[in-house]
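What follows is the content of query-v8.txt, which has compact mmCIF, N, CA and C atoms:
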```
# COMPACT_ATOMS: atom_id res chain seq x y z
N MET F 1 -75.48 3.66 3.34
CA MET F 1 -74.31 4.44 3.69
C MET F 1 -73.34 4.41 2.53
N PRO F 2 -72.76 5.53 2.19
CA PRO F 2 -71.77 5.52 1.12
C PRO F 2 -70.60 4.64 1.50
N ALA F 3 -70.09 3.93 0.55
CA ALA F 3 -68.97 3.03 0.82
C ALA F 3 -67.73 3.83 1.17
N ASP F 4 -67.03 3.41 2.20
CA ASP F 4 -65.77 4.05 2.57
C ASP F 4 -64.64 3.53 1.69
N SER F 5 -64.88 2.45 1.00
CA SER F 5 -63.88 1.86 0.12
C SER F 5 -64.32 2.09 -1.32
N PRO F 6 -63.50 2.78 -2.13
CA PRO F 6 -63.93 3.10 -3.50
C PRO F 6 -64.12 1.89 -4.39
N THR F 7 -63.54 0.74 -4.05
CA THR F 7 -63.70 -0.44 -4.90
C THR F 7 -64.88 -1.31 -4.48
N SER F 8 -65.54 -0.98 -3.42
CA SER F 8 -66.62 -1.80 -2.92
C SER F 8 -67.96 -1.35 -3.48
N SER F 9 -68.79 -2.31 -3.88
CA SER F 9 -70.12 -1.98 -4.34
C SER F 9 -71.12 -2.02 -3.19
N ARG F 10 -70.70 -2.57 -2.05
CA ARG F 10 -71.55 -2.65 -0.85
C ARG F 10 -71.05 -1.63 0.15
N PRO F 11 -71.98 -1.07 0.92
CA PRO F 11 -71.54 -0.14 1.96
C PRO F 11 -70.60 -0.82 2.94
N MET F 12 -69.53 -0.12 3.29
CA MET F 12 -68.52 -0.65 4.20
C MET F 12 -68.40 0.30 5.39
N VAL F 13 -68.02 -0.25 6.54
CA VAL F 13 -67.85 0.56 7.74
C VAL F 13 -66.53 0.23 8.43
N ASP F 14 -66.04 1.20 9.16
CA ASP F 14 -64.90 0.98 10.05
C ASP F 14 -65.44 0.12 11.19
N PRO F 15 -64.93 -1.07 11.43
CA PRO F 15 -65.50 -1.95 12.45
C PRO F 15 -65.43 -1.39 13.86
N ARG F 16 -64.61 -0.38 14.07
CA ARG F 16 -64.54 0.24 15.39
C ARG F 16 -65.77 1.10 15.67
N GLY F 17 -66.45 1.56 14.62
CA GLY F 17 -67.64 2.40 14.78
C GLY F 17 -68.79 1.68 15.46
N PRO F 18 -69.21 0.52 14.95
CA PRO F 18 -70.28 -0.21 15.64
C PRO F 18 -69.92 -0.60 17.07
N ARG F 19 -68.65 -0.90 17.31
CA ARG F 19 -68.24 -1.25 18.68
C ARG F 19 -68.34 -0.03 19.59
N PHE F 20 -67.95 1.14 19.09
CA PHE F 20 -68.11 2.38 19.84
C PHE F 20 -69.59 2.62 20.13
N GLY F 21 -70.42 2.44 19.10
CA GLY F 21 -71.87 2.60 19.28
C GLY F 21 -72.42 1.64 20.32
N ALA F 22 -71.90 0.43 20.34
CA ALA F 22 -72.34 -0.56 21.33
C ALA F 22 -71.95 -0.12 22.74
N ALA F 23 -70.80 0.51 22.88
CA ALA F 23 -70.38 0.99 24.20
C ALA F 23 -71.31 2.10 24.69
N VAL F 24 -71.64 3.03 23.80
CA VAL F 24 -72.57 4.10 24.18
C VAL F 24 -73.94 3.51 24.49
N THR F 25 -74.39 2.58 23.66
CA THR F 25 -75.67 1.92 23.87
C THR F 25 -75.70 1.20 25.22
N THR F 26 -74.60 0.56 25.58
CA THR F 26 -74.52 -0.12 26.87
C THR F 26 -74.78 0.86 28.01
N VAL F 27 -74.17 2.01 27.95
CA VAL F 27 -74.37 3.03 29.00
C VAL F 27 -75.82 3.51 29.02
N VAL F 28 -76.36 3.82 27.85
CA VAL F 28 -77.74 4.32 27.76
C VAL F 28 -78.72 3.28 28.31
N LEU F 29 -78.55 2.03 27.90
CA LEU F 29 -79.49 0.99 28.35
C LEU F 29 -79.32 0.65 29.82
N ALA F 30 -78.10 0.71 30.32
CA ALA F 30 -77.89 0.48 31.76
C ALA F 30 -78.60 1.57 32.56
N LEU F 31 -78.49 2.81 32.11
CA LEU F 31 -79.20 3.91 32.78
C LEU F 31 -80.71 3.73 32.66
N ALA F 32 -81.16 3.29 31.49
CA ALA F 32 -82.60 3.06 31.31
C ALA F 32 -83.10 2.00 32.29
N LEU F 33 -82.32 0.95 32.50
CA LEU F 33 -82.72 -0.09 33.47
C LEU F 33 -82.78 0.47 34.88
N VAL F 34 -81.78 1.26 35.26
CA VAL F 34 -81.76 1.85 36.59
C VAL F 34 -82.96 2.78 36.79
N LEU F 35 -83.31 3.49 35.74
CA LEU F 35 -84.41 4.46 35.82
C LEU F 35 -85.75 3.92 35.33
N MET F 36 -85.82 2.61 35.09
CA MET F 36 -87.04 1.99 34.56
C MET F 36 -88.24 2.33 35.43
N GLY F 37 -89.32 2.69 34.77
CA GLY F 37 -90.55 3.05 35.48
C GLY F 37 -90.67 4.54 35.75
N THR F 38 -89.61 5.29 35.45
CA THR F 38 -89.66 6.75 35.61
C THR F 38 -89.76 7.40 34.24
N ALA F 39 -90.07 8.68 34.23
CA ALA F 39 -90.13 9.41 32.96
C ALA F 39 -88.76 9.41 32.28
N ALA F 40 -87.70 9.56 33.07
CA ALA F 40 -86.35 9.57 32.49
C ALA F 40 -86.03 8.22 31.85
N GLY F 41 -86.43 7.14 32.48
CA GLY F 41 -86.21 5.82 31.91
C GLY F 41 -86.94 5.66 30.59
N THR F 42 -88.17 6.14 30.54
CA THR F 42 -88.95 6.06 29.30
C THR F 42 -88.31 6.90 28.20
N VAL F 43 -87.79 8.07 28.55
CA VAL F 43 -87.11 8.92 27.57
C VAL F 43 -85.87 8.21 27.01
N LEU F 44 -85.11 7.55 27.88
CA LEU F 44 -83.93 6.82 27.41
C LEU F 44 -84.31 5.66 26.50
N VAL F 45 -85.37 4.96 26.84
CA VAL F 45 -85.85 3.87 25.98
C VAL F 45 -86.30 4.43 24.63
N ALA F 46 -87.02 5.54 24.65
CA ALA F 46 -87.48 6.17 23.40
C ALA F 46 -86.28 6.63 22.58
N TRP F 47 -85.30 7.24 23.24
CA TRP F 47 -84.09 7.70 22.54
C TRP F 47 -83.38 6.53 21.87
N GLN F 48 -83.17 5.44 22.61
CA GLN F 48 -82.45 4.31 22.04
C GLN F 48 -83.26 3.65 20.92
N THR F 49 -84.58 3.68 21.03
CA THR F 49 -85.43 3.18 19.95
C THR F 49 -85.19 4.00 18.68
N LEU F 50 -85.13 5.32 18.84
CA LEU F 50 -84.85 6.21 17.70
C LEU F 50 -83.46 5.92 17.11
N VAL F 51 -82.47 5.75 17.97
CA VAL F 51 -81.10 5.47 17.52
C VAL F 51 -81.06 4.19 16.70
N PHE F 52 -81.64 3.12 17.24
CA PHE F 52 -81.68 1.86 16.50
C PHE F 52 -82.49 1.99 15.21
N GLY F 53 -83.58 2.73 15.27
CA GLY F 53 -84.42 2.92 14.09
C GLY F 53 -83.66 3.60 12.96
N LEU F 54 -82.92 4.64 13.30
CA LEU F 54 -82.13 5.33 12.27
C LEU F 54 -81.07 4.40 11.69
N GLY F 55 -80.39 3.66 12.54
CA GLY F 55 -79.35 2.74 12.06
C GLY F 55 -79.91 1.64 11.19
N ALA F 56 -81.07 1.12 11.57
CA ALA F 56 -81.66 -0.01 10.83
C ALA F 56 -82.38 0.43 9.57
N LEU F 57 -83.15 1.50 9.67
CA LEU F 57 -84.03 1.88 8.56
C LEU F 57 -83.41 2.87 7.59
N VAL F 58 -82.58 3.78 8.08
CA VAL F 58 -81.94 4.77 7.21
C VAL F 58 -80.55 4.31 6.82
N GLY F 59 -79.82 3.78 7.77
CA GLY F 59 -78.47 3.30 7.52
C GLY F 59 -77.54 3.71 8.64
N LEU F 60 -76.41 3.03 8.73
CA LEU F 60 -75.47 3.31 9.81
C LEU F 60 -74.94 4.73 9.76
N HIS F 61 -74.91 5.34 8.58
CA HIS F 61 -74.44 6.72 8.47
C HIS F 61 -75.36 7.70 9.19
N ALA F 62 -76.61 7.30 9.45
CA ALA F 62 -77.58 8.17 10.12
C ALA F 62 -77.68 7.89 11.61
N GLN F 63 -77.05 6.85 12.08
CA GLN F 63 -77.13 6.47 13.49
C GLN F 63 -76.31 7.47 14.31
N PRO F 64 -76.91 8.12 15.30
CA PRO F 64 -76.21 9.20 16.03
C PRO F 64 -74.86 8.81 16.63
N TYR F 65 -74.74 7.60 17.17
CA TYR F 65 -73.46 7.21 17.75
C TYR F 65 -72.41 7.01 16.66
N GLY F 66 -72.86 6.57 15.48
CA GLY F 66 -71.95 6.44 14.35
C GLY F 66 -71.48 7.80 13.86
N VAL F 67 -72.38 8.78 13.85
CA VAL F 67 -72.01 10.14 13.47
C VAL F 67 -70.97 10.68 14.44
N LEU F 68 -71.20 10.47 15.73
CA LEU F 68 -70.25 10.91 16.75
C LEU F 68 -68.89 10.23 16.54
N PHE F 69 -68.90 8.94 16.26
CA PHE F 69 -67.65 8.21 16.02
C PHE F 69 -66.92 8.80 14.82
N ARG F 70 -67.63 8.99 13.71
CA ARG F 70 -66.98 9.47 12.49
C ARG F 70 -66.45 10.89 12.63
N ARG F 71 -67.17 11.74 13.34
CA ARG F 71 -66.78 13.16 13.42
C ARG F 71 -65.80 13.46 14.55
N VAL F 72 -65.87 12.72 15.65
CA VAL F 72 -65.07 13.06 16.82
C VAL F 72 -63.98 12.01 17.11
N VAL F 73 -64.34 10.74 17.08
CA VAL F 73 -63.40 9.70 17.49
C VAL F 73 -62.49 9.26 16.36
N ARG F 74 -63.05 8.90 15.22
CA ARG F 74 -62.25 8.33 14.13
C ARG F 74 -61.11 9.24 13.65
N PRO F 75 -61.32 10.56 13.58
CA PRO F 75 -60.19 11.41 13.15
C PRO F 75 -58.97 11.33 14.08
N ARG F 76 -59.17 10.88 15.30
CA ARG F 76 -58.07 10.79 16.27
C ARG F 76 -57.40 9.41 16.26
N LEU F 77 -57.90 8.51 15.44
CA LEU F 77 -57.38 7.14 15.38
C LEU F 77 -56.61 6.92 14.09
N ALA F 78 -55.78 5.90 14.11
CA ALA F 78 -55.12 5.47 12.88
C ALA F 78 -56.19 4.89 11.96
N PRO F 79 -55.92 4.86 10.66
CA PRO F 79 -56.89 4.23 9.76
C PRO F 79 -57.14 2.79 10.16
N PRO F 80 -58.35 2.28 9.90
CA PRO F 80 -58.64 0.89 10.26
C PRO F 80 -57.80 -0.07 9.42
N ALA F 81 -57.48 -1.22 10.01
CA ALA F 81 -56.73 -2.24 9.28
C ALA F 81 -57.52 -2.74 8.08
N GLU F 82 -58.84 -2.83 8.26
CA GLU F 82 -59.72 -3.25 7.16
C GLU F 82 -61.12 -2.72 7.44
N MET F 83 -61.91 -2.68 6.40
CA MET F 83 -63.30 -2.27 6.52
C MET F 83 -64.16 -3.53 6.52
N GLU F 84 -65.40 -3.39 7.01
CA GLU F 84 -66.30 -4.54 6.99
C GLU F 84 -67.62 -4.16 6.36
N ASP F 85 -68.30 -5.16 5.87
CA ASP F 85 -69.62 -5.00 5.26
C ASP F 85 -70.57 -4.38 6.30
N ALA F 86 -71.33 -3.39 5.88
CA ALA F 86 -72.26 -2.70 6.79
C ALA F 86 -73.53 -3.51 7.05
N ALA F 87 -73.80 -4.52 6.24
CA ALA F 87 -75.07 -5.26 6.37
C ALA F 87 -75.23 -5.96 7.72
N PRO F 88 -74.23 -6.69 8.23
CA PRO F 88 -74.43 -7.34 9.53
C PRO F 88 -74.68 -6.35 10.68
N PRO F 89 -73.90 -5.26 10.82
CA PRO F 89 -74.21 -4.32 11.89
C PRO F 89 -75.57 -3.63 11.71
N ARG F 90 -75.95 -3.42 10.46
CA ARG F 90 -77.26 -2.81 10.22
C ARG F 90 -78.37 -3.76 10.64
N PHE F 91 -78.19 -5.05 10.37
CA PHE F 91 -79.15 -6.05 10.83
C PHE F 91 -79.21 -6.06 12.35
N ALA F 92 -78.04 -5.96 12.99
CA ALA F 92 -78.00 -5.91 14.46
C ALA F 92 -78.78 -4.71 14.98
N GLN F 93 -78.72 -3.60 14.27
CA GLN F 93 -79.51 -2.43 14.65
C GLN F 93 -81.00 -2.74 14.57
N ALA F 94 -81.39 -3.52 13.56
CA ALA F 94 -82.80 -3.90 13.40
C ALA F 94 -83.25 -4.80 14.54
N VAL F 95 -82.38 -5.72 14.95
CA VAL F 95 -82.71 -6.59 16.09
C VAL F 95 -82.87 -5.74 17.35
N GLY F 96 -81.94 -4.82 17.57
CA GLY F 96 -82.04 -3.91 18.71
C GLY F 96 -83.32 -3.08 18.65
N LEU F 97 -83.67 -2.63 17.46
CA LEU F 97 -84.90 -1.87 17.28
C LEU F 97 -86.11 -2.69 17.71
N LEU F 98 -86.15 -3.94 17.33
CA LEU F 98 -87.26 -4.81 17.69
C LEU F 98 -87.41 -4.88 19.22
N PHE F 99 -86.31 -5.11 19.92
CA PHE F 99 -86.37 -5.18 21.38
C PHE F 99 -86.79 -3.85 21.99
N MET F 100 -86.31 -2.76 21.43
CA MET F 100 -86.64 -1.46 22.01
C MET F 100 -88.08 -1.05 21.71
N VAL F 101 -88.61 -1.45 20.57
CA VAL F 101 -90.03 -1.19 20.28
C VAL F 101 -90.89 -1.95 21.27
N VAL F 102 -90.53 -3.20 21.53
CA VAL F 102 -91.27 -3.97 22.54
C VAL F 102 -91.19 -3.26 23.89
N ALA F 103 -90.01 -2.82 24.28
CA ALA F 103 -89.83 -2.13 25.57
C ALA F 103 -90.64 -0.85 25.63
N LEU F 104 -90.61 -0.07 24.57
CA LEU F 104 -91.34 1.21 24.57
C LEU F 104 -92.84 0.99 24.63
N ILE F 105 -93.34 0.05 23.85
CA ILE F 105 -94.78 -0.25 23.89
C ILE F 105 -95.16 -0.76 25.27
N ALA F 106 -94.34 -1.63 25.84
CA ALA F 106 -94.63 -2.15 27.19
C ALA F 106 -94.66 -1.02 28.22
N LEU F 107 -93.71 -0.10 28.14
CA LEU F 107 -93.71 1.02 29.08
C LEU F 107 -94.96 1.87 28.92
N LEU F 108 -95.32 2.15 27.69
CA LEU F 108 -96.51 2.98 27.45
C LEU F 108 -97.79 2.27 27.88
N ALA F 109 -97.76 0.93 27.89
CA ALA F 109 -98.91 0.14 28.33
C ALA F 109 -98.88 -0.14 29.84
N GLY F 110 -97.80 0.30 30.50
CA GLY F 110 -97.70 0.12 31.94
C GLY F 110 -97.09 -1.19 32.39
N SER F 111 -96.47 -1.92 31.48
CA SER F 111 -95.85 -3.20 31.83
C SER F 111 -94.34 -3.04 31.98
N THR F 112 -93.94 -2.60 33.16
CA THR F 112 -92.53 -2.36 33.42
C THR F 112 -91.71 -3.64 33.35
N ILE F 113 -92.28 -4.76 33.75
CA ILE F 113 -91.54 -6.03 33.74
C ILE F 113 -91.17 -6.43 32.32
N VAL F 114 -92.11 -6.35 31.40
CA VAL F 114 -91.82 -6.70 30.00
C VAL F 114 -90.77 -5.75 29.44
N ALA F 115 -90.92 -4.47 29.73
CA ALA F 115 -89.95 -3.48 29.26
C ALA F 115 -88.56 -3.77 29.82
N THR F 116 -88.50 -4.11 31.09
CA THR F 116 -87.22 -4.40 31.73
C THR F 116 -86.54 -5.60 31.06
N VAL F 117 -87.29 -6.64 30.77
CA VAL F 117 -86.72 -7.82 30.12
C VAL F 117 -86.22 -7.47 28.72
N ALA F 118 -87.00 -6.74 27.96
CA ALA F 118 -86.60 -6.36 26.60
C ALA F 118 -85.34 -5.50 26.61
N VAL F 119 -85.29 -4.53 27.51
CA VAL F 119 -84.11 -3.67 27.61
C VAL F 119 -82.90 -4.49 28.08
N ALA F 120 -83.11 -5.41 28.99
CA ALA F 120 -82.01 -6.24 29.49
C ALA F 120 -81.42 -7.10 28.36
N PHE F 121 -82.26 -7.64 27.50
CA PHE F 121 -81.76 -8.43 26.36
C PHE F 121 -80.93 -7.54 25.43
N ALA F 122 -81.44 -6.35 25.12
CA ALA F 122 -80.70 -5.42 24.26
C ALA F 122 -79.39 -5.01 24.92
N LEU F 123 -79.43 -4.77 26.22
CA LEU F 123 -78.22 -4.40 26.97
C LEU F 123 -77.19 -5.52 26.92
N ALA F 124 -77.63 -6.75 27.10
CA ALA F 124 -76.70 -7.89 27.06
C ALA F 124 -76.00 -7.97 25.70
N ALA F 125 -76.75 -7.80 24.63
CA ALA F 125 -76.17 -7.86 23.29
C ALA F 125 -75.19 -6.70 23.07
N ALA F 126 -75.57 -5.50 23.49
CA ALA F 126 -74.69 -4.34 23.33
C ALA F 126 -73.40 -4.53 24.14
N PHE F 127 -73.53 -5.06 25.35
CA PHE F 127 -72.36 -5.28 26.19
C PHE F 127 -71.42 -6.31 25.57
N LEU F 128 -71.96 -7.38 25.01
CA LEU F 128 -71.12 -8.39 24.35
C LEU F 128 -70.28 -7.75 23.24
N ASN F 129 -70.90 -6.86 22.47
CA ASN F 129 -70.18 -6.20 21.39
C ASN F 129 -69.14 -5.23 21.94
N ALA F 130 -69.55 -4.41 22.91
CA ALA F 130 -68.64 -3.40 23.45
C ALA F 130 -67.45 -4.03 24.18
N ALA F 131 -67.71 -5.02 25.00
CA ALA F 131 -66.65 -5.58 25.85
C ALA F 131 -65.82 -6.66 25.16
N PHE F 132 -66.46 -7.46 24.32
CA PHE F 132 -65.78 -8.63 23.76
C PHE F 132 -65.72 -8.64 22.23
N ASN F 133 -66.20 -7.58 21.60
CA ASN F 133 -66.22 -7.49 20.14
C ASN F 133 -66.99 -8.66 19.53
N PHE F 134 -68.05 -9.08 20.22
CA PHE F 134 -68.91 -10.15 19.73
C PHE F 134 -70.28 -9.55 19.44
N CYS F 135 -70.57 -9.36 18.18
CA CYS F 135 -71.84 -8.76 17.76
C CYS F 135 -72.86 -9.87 17.53
N LEU F 136 -73.76 -10.03 18.48
CA LEU F 136 -74.76 -11.09 18.42
C LEU F 136 -75.66 -10.93 17.20
N GLY F 137 -76.12 -9.72 16.92
CA GLY F 137 -76.95 -9.48 15.74
C GLY F 137 -76.21 -9.76 14.45
N CYS F 138 -74.92 -9.42 14.42
CA CYS F 138 -74.11 -9.71 13.23
C CYS F 138 -73.99 -11.21 13.01
N GLU F 139 -73.80 -11.95 14.09
CA GLU F 139 -73.71 -13.40 13.99
C GLU F 139 -75.04 -14.00 13.52
N MET F 140 -76.15 -13.43 14.00
CA MET F 140 -77.47 -13.87 13.53
C MET F 140 -77.60 -13.63 12.02
N TYR F 141 -77.15 -12.46 11.56
CA TYR F 141 -77.19 -12.13 10.14
C TYR F 141 -76.41 -13.15 9.33
N LEU F 142 -75.20 -13.47 9.78
CA LEU F 142 -74.37 -14.42 9.05
C LEU F 142 -74.98 -15.81 9.05
N LEU F 143 -75.59 -16.22 10.16
CA LEU F 143 -76.25 -17.52 10.23
C LEU F 143 -77.43 -17.58 9.24
N VAL F 144 -78.24 -16.55 9.23
CA VAL F 144 -79.38 -16.51 8.31
C VAL F 144 -78.87 -16.52 6.86
N ALA F 145 -77.81 -15.78 6.58
CA ALA F 145 -77.24 -15.75 5.21
C ALA F 145 -76.76 -17.13 4.80
N ARG F 146 -76.10 -17.83 5.72
CA ARG F 146 -75.62 -19.20 5.41
C ARG F 146 -76.79 -20.15 5.17
N LEU F 147 -77.82 -20.04 5.98
CA LEU F 147 -78.99 -20.92 5.82
C LEU F 147 -79.71 -20.64 4.51
N ARG F 148 -79.76 -19.39 4.11
CA ARG F 148 -80.43 -19.03 2.86
C ARG F 148 -79.69 -19.54 1.64
N HIS F 149 -78.38 -19.69 1.74
CA HIS F 149 -77.56 -20.11 0.60
C HIS F 149 -77.19 -21.59 0.63
N SER F 150 -77.78 -22.32 1.56
CA SER F 150 -77.44 -23.75 1.59
C SER F 150 -78.56 -24.61 1.08
```
Could you render the structure from this file as structure tokens?
Amino acid sequence: MPADSPTSSRPMVDPRGPRFGAAVTTVVLALALVLMGTAAGTVLVAWQTLVFGLGALVGLHAQPYGVLFRRVVRPRLAPPAEMEDAAPPRFAQAVGLLFMVVALIALLAGSTIVATVAVAFALAAAFLNAAFNFCLGCEMYLLVARLRHS
């Protein structure tokens, strides 16, 4: 993602963007759980897998909820107090992708229970971020970074 800060060599994001994305993800995954085992539930799981995939593999600038935030929500807000490194939220997208790939494969294999557990874990993480501004994947990223440098 292009840096929003001209002095930064690392991609930076408005921290409100990932939190907005987590709120949308919470709604999508809650609906997927309610509709689990139906075609609509599978479509929602596939959609969220694509969303996480774009965020993790292409970058946060390609994540659909981030695009919605930047084009519709952010112009209506005051500028952010500070920007944050995009690497931790991007890692969180990769963790979400892992859970959603497991859920999608499980659904396609007929294992609704495994899919339900995988979606529930992703939902819990998204809810923590949306409701409490606690990004579990970001914290995992920071922990791994600290362990690698110690």
So what do you get for CA of Thr42 (chain F) versus CA of Cys138 (chain F), distance-wise?
->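 According to the coordinates, CA of Thr42 (chain F) and CA of Cys138 (chain F) are separated by 27.0 Å.
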Take CA of Thr49 (chain F) and CA of Gln63 (chain F) and report the distance between them in Å, one decimal.
->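 Interatomic distance here is 11.0 Å.
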Residues of region 8-27 of chain F at most 8 Å from region 82-91 of chain F: nearest atom pair and distance in Å, all atoms listed in the file, as a tab-separated table:
```
residue	atom	partner	partner_atom	distance
F:Arg10	C	F:Ala86	N	6.0
F:Pro11	C	F:Ala86	N	4.0
F:Met12	CA	F:Glu84	C	4.2
F:Val13	N	F:Glu84	C	3.9
F:Asp14	CA	F:Met83	CA	5.1
F:Pro15	N	F:Glu84	N	5.0
F:Arg16	N	F:Glu84	N	7.7
F:Pro18	CA	F:Pro89	CA	6.8
```
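Going from atom N of Phe69 (chain F) over to atom C of Val24 (chain F), you cover 11.1 Å.
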Helix (DSSP H, G or I) residues, from DSSP on the backbone, in chain F, as a PyMOL selection string = chain F and resi 16-34+39-58+60-62+64-76+87-109+112-132+136-148
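When only N, CA and C atoms are used to measure the gap to Pro64 (chain F), the shortest distance among F:Gly21, F:Leu123, F:Val28, F:Leu136 belongs to F:Gly21.
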Residues within 12 Å of Gly137 (chain F), please, as a PDB file with N, CA and C atoms, in the coordinates of the input. Count only C-alpha atoms; anything in the same chain fewer than 4 positions from it doesn't count.
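For reference, out_21.pdb as written:
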```
ATOM      1  N   PRO F  18     -69.210   0.520  14.950  1.00  0.00           N
ATOM      2  CA  PRO F  18     -70.280  -0.210  15.640  1.00  0.00           C
ATOM      3  C   PRO F  18     -69.920  -0.600  17.070  1.00  0.00           C
ATOM      4  N   ALA F  22     -71.900   0.430  20.340  1.00  0.00           N
ATOM      5  CA  ALA F  22     -72.340  -0.560  21.330  1.00  0.00           C
ATOM      6  C   ALA F  22     -71.950  -0.120  22.740  1.00  0.00           C
ATOM      7  N   ALA F  56     -81.070   1.120  11.570  1.00  0.00           N
ATOM      8  CA  ALA F  56     -81.660  -0.010  10.830  1.00  0.00           C
ATOM      9  C   ALA F  56     -82.380   0.430   9.570  1.00  0.00           C
ATOM     10  N   ALA F  87     -73.800  -4.520   6.240  1.00  0.00           N
ATOM     11  CA  ALA F  87     -75.070  -5.260   6.370  1.00  0.00           C
ATOM     12  C   ALA F  87     -75.230  -5.960   7.720  1.00  0.00           C
ATOM     13  N   PRO F  88     -74.230  -6.690   8.230  1.00  0.00           N
ATOM     14  CA  PRO F  88     -74.430  -7.340   9.530  1.00  0.00           C
ATOM     15  C   PRO F  88     -74.680  -6.350  10.680  1.00  0.00           C
ATOM     16  N   PRO F  89     -73.900  -5.260  10.820  1.00  0.00           N
ATOM     17  CA  PRO F  89     -74.210  -4.320  11.890  1.00  0.00           C
ATOM     18  C   PRO F  89     -75.570  -3.630  11.710  1.00  0.00           C
ATOM     19  N   ARG F  90     -75.950  -3.420  10.460  1.00  0.00           N
ATOM     20  CA  ARG F  90     -77.260  -2.810  10.220  1.00  0.00           C
ATOM     21  C   ARG F  90     -78.370  -3.760  10.640  1.00  0.00           C
ATOM     22  N   PHE F  91     -78.190  -5.050  10.370  1.00  0.00           N
ATOM     23  CA  PHE F  91     -79.150  -6.050  10.830  1.00  0.00           C
ATOM     24  C   PHE F  91     -79.210  -6.060  12.350  1.00  0.00           C
ATOM     25  N   ALA F  92     -78.040  -5.960  12.990  1.00  0.00           N
ATOM     26  CA  ALA F  92     -78.000  -5.910  14.460  1.00  0.00           C
ATOM     27  C   ALA F  92     -78.780  -4.710  14.980  1.00  0.00           C
ATOM     28  N   GLN F  93     -78.720  -3.600  14.270  1.00  0.00           N
ATOM     29  CA  GLN F  93     -79.510  -2.430  14.650  1.00  0.00           C
ATOM     30  C   GLN F  93     -81.000  -2.740  14.570  1.00  0.00           C
ATOM     31  N   ALA F  94     -81.390  -3.520  13.560  1.00  0.00           N
ATOM     32  CA  ALA F  94     -82.800  -3.900  13.400  1.00  0.00           C
ATOM     33  C   ALA F  94     -83.250  -4.800  14.540  1.00  0.00           C
ATOM     34  N   VAL F  95     -82.380  -5.720  14.950  1.00  0.00           N
ATOM     35  CA  VAL F  95     -82.710  -6.590  16.090  1.00  0.00           C
ATOM     36  C   VAL F  95     -82.870  -5.740  17.350  1.00  0.00           C
ATOM     37  N   GLY F  96     -81.940  -4.820  17.570  1.00  0.00           N
ATOM     38  CA  GLY F  96     -82.040  -3.910  18.710  1.00  0.00           C
ATOM     39  C   GLY F  96     -83.320  -3.080  18.650  1.00  0.00           C
ATOM     40  N   LEU F  97     -83.670  -2.630  17.460  1.00  0.00           N
ATOM     41  CA  LEU F  97     -84.900  -1.870  17.280  1.00  0.00           C
ATOM     42  C   LEU F  97     -86.110  -2.690  17.710  1.00  0.00           C
ATOM     43  N   LEU F  98     -86.150  -3.940  17.330  1.00  0.00           N
ATOM     44  CA  LEU F  98     -87.260  -4.810  17.690  1.00  0.00           C
ATOM     45  C   LEU F  98     -87.410  -4.880  19.220  1.00  0.00           C
ATOM     46  N   PHE F  99     -86.310  -5.110  19.920  1.00  0.00           N
ATOM     47  CA  PHE F  99     -86.370  -5.180  21.380  1.00  0.00           C
ATOM     48  C   PHE F  99     -86.790  -3.850  21.990  1.00  0.00           C
ATOM     49  N   PHE F 121     -82.260  -7.640  27.500  1.00  0.00           N
ATOM     50  CA  PHE F 121     -81.760  -8.430  26.360  1.00  0.00           C
ATOM     51  C   PHE F 121     -80.930  -7.540  25.430  1.00  0.00           C
ATOM     52  N   ALA F 122     -81.440  -6.350  25.120  1.00  0.00           N
ATOM     53  CA  ALA F 122     -80.700  -5.420  24.260  1.00  0.00           C
ATOM     54  C   ALA F 122     -79.390  -5.010  24.920  1.00  0.00           C
ATOM     55  N   ALA F 124     -77.630  -6.750  27.100  1.00  0.00           N
ATOM     56  CA  ALA F 124     -76.700  -7.890  27.060  1.00  0.00           C
ATOM     57  C   ALA F 124     -76.000  -7.970  25.700  1.00  0.00           C
ATOM     58  N   ALA F 125     -76.750  -7.800  24.630  1.00  0.00           N
ATOM     59  CA  ALA F 125     -76.170  -7.860  23.290  1.00  0.00           C
ATOM     60  C   ALA F 125     -75.190  -6.700  23.070  1.00  0.00           C
ATOM     61  N   ALA F 126     -75.570  -5.500  23.490  1.00  0.00           N
ATOM     62  CA  ALA F 126     -74.690  -4.340  23.330  1.00  0.00           C
ATOM     63  C   ALA F 126     -73.400  -4.530  24.140  1.00  0.00           C
ATOM     64  N   LEU F 128     -71.960  -7.380  25.010  1.00  0.00           N
ATOM     65  CA  LEU F 128     -71.120  -8.390  24.350  1.00  0.00           C
ATOM     66  C   LEU F 128     -70.280  -7.750  23.240  1.00  0.00           C
ATOM     67  N   ASN F 129     -70.900  -6.860  22.470  1.00  0.00           N
ATOM     68  CA  ASN F 129     -70.180  -6.200  21.390  1.00  0.00           C
ATOM     69  C   ASN F 129     -69.140  -5.230  21.940  1.00  0.00           C
ATOM     70  N   ASN F 133     -66.200  -7.580  21.600  1.00  0.00           N
ATOM     71  CA  ASN F 133     -66.220  -7.490  20.140  1.00  0.00           C
ATOM     72  C   ASN F 133     -66.990  -8.660  19.530  1.00  0.00           C
ATOM     73  N   TYR F 141     -77.150 -12.460  11.560  1.00  0.00           N
ATOM     74  CA  TYR F 141     -77.190 -12.130  10.140  1.00  0.00           C
ATOM     75  C   TYR F 141     -76.410 -13.150   9.330  1.00  0.00           C
ATOM     76  N   LEU F 142     -75.200 -13.470   9.780  1.00  0.00           N
ATOM     77  CA  LEU F 142     -74.370 -14.420   9.050  1.00  0.00           C
ATOM     78  C   LEU F 142     -74.980 -15.810   9.050  1.00  0.00           C
ATOM     79  N   LEU F 143     -75.590 -16.220  10.160  1.00  0.00           N
ATOM     80  CA  LEU F 143     -76.250 -17.520  10.230  1.00  0.00           C
ATOM     81  C   LEU F 143     -77.430 -17.580   9.240  1.00  0.00           C
ATOM     82  N   VAL F 144     -78.240 -16.550   9.230  1.00  0.00           N
ATOM     83  CA  VAL F 144     -79.380 -16.510   8.310  1.00  0.00           C
ATOM     84  C   VAL F 144     -78.870 -16.520   6.860  1.00  0.00           C
TER      85      VAL F 144
END
```
Return as a VMD selection string the full set of residues in chain F whose backbone-based DSSP assignment is strand (DSSP E).
-> chain F and resid 12 to 13 84 to 85
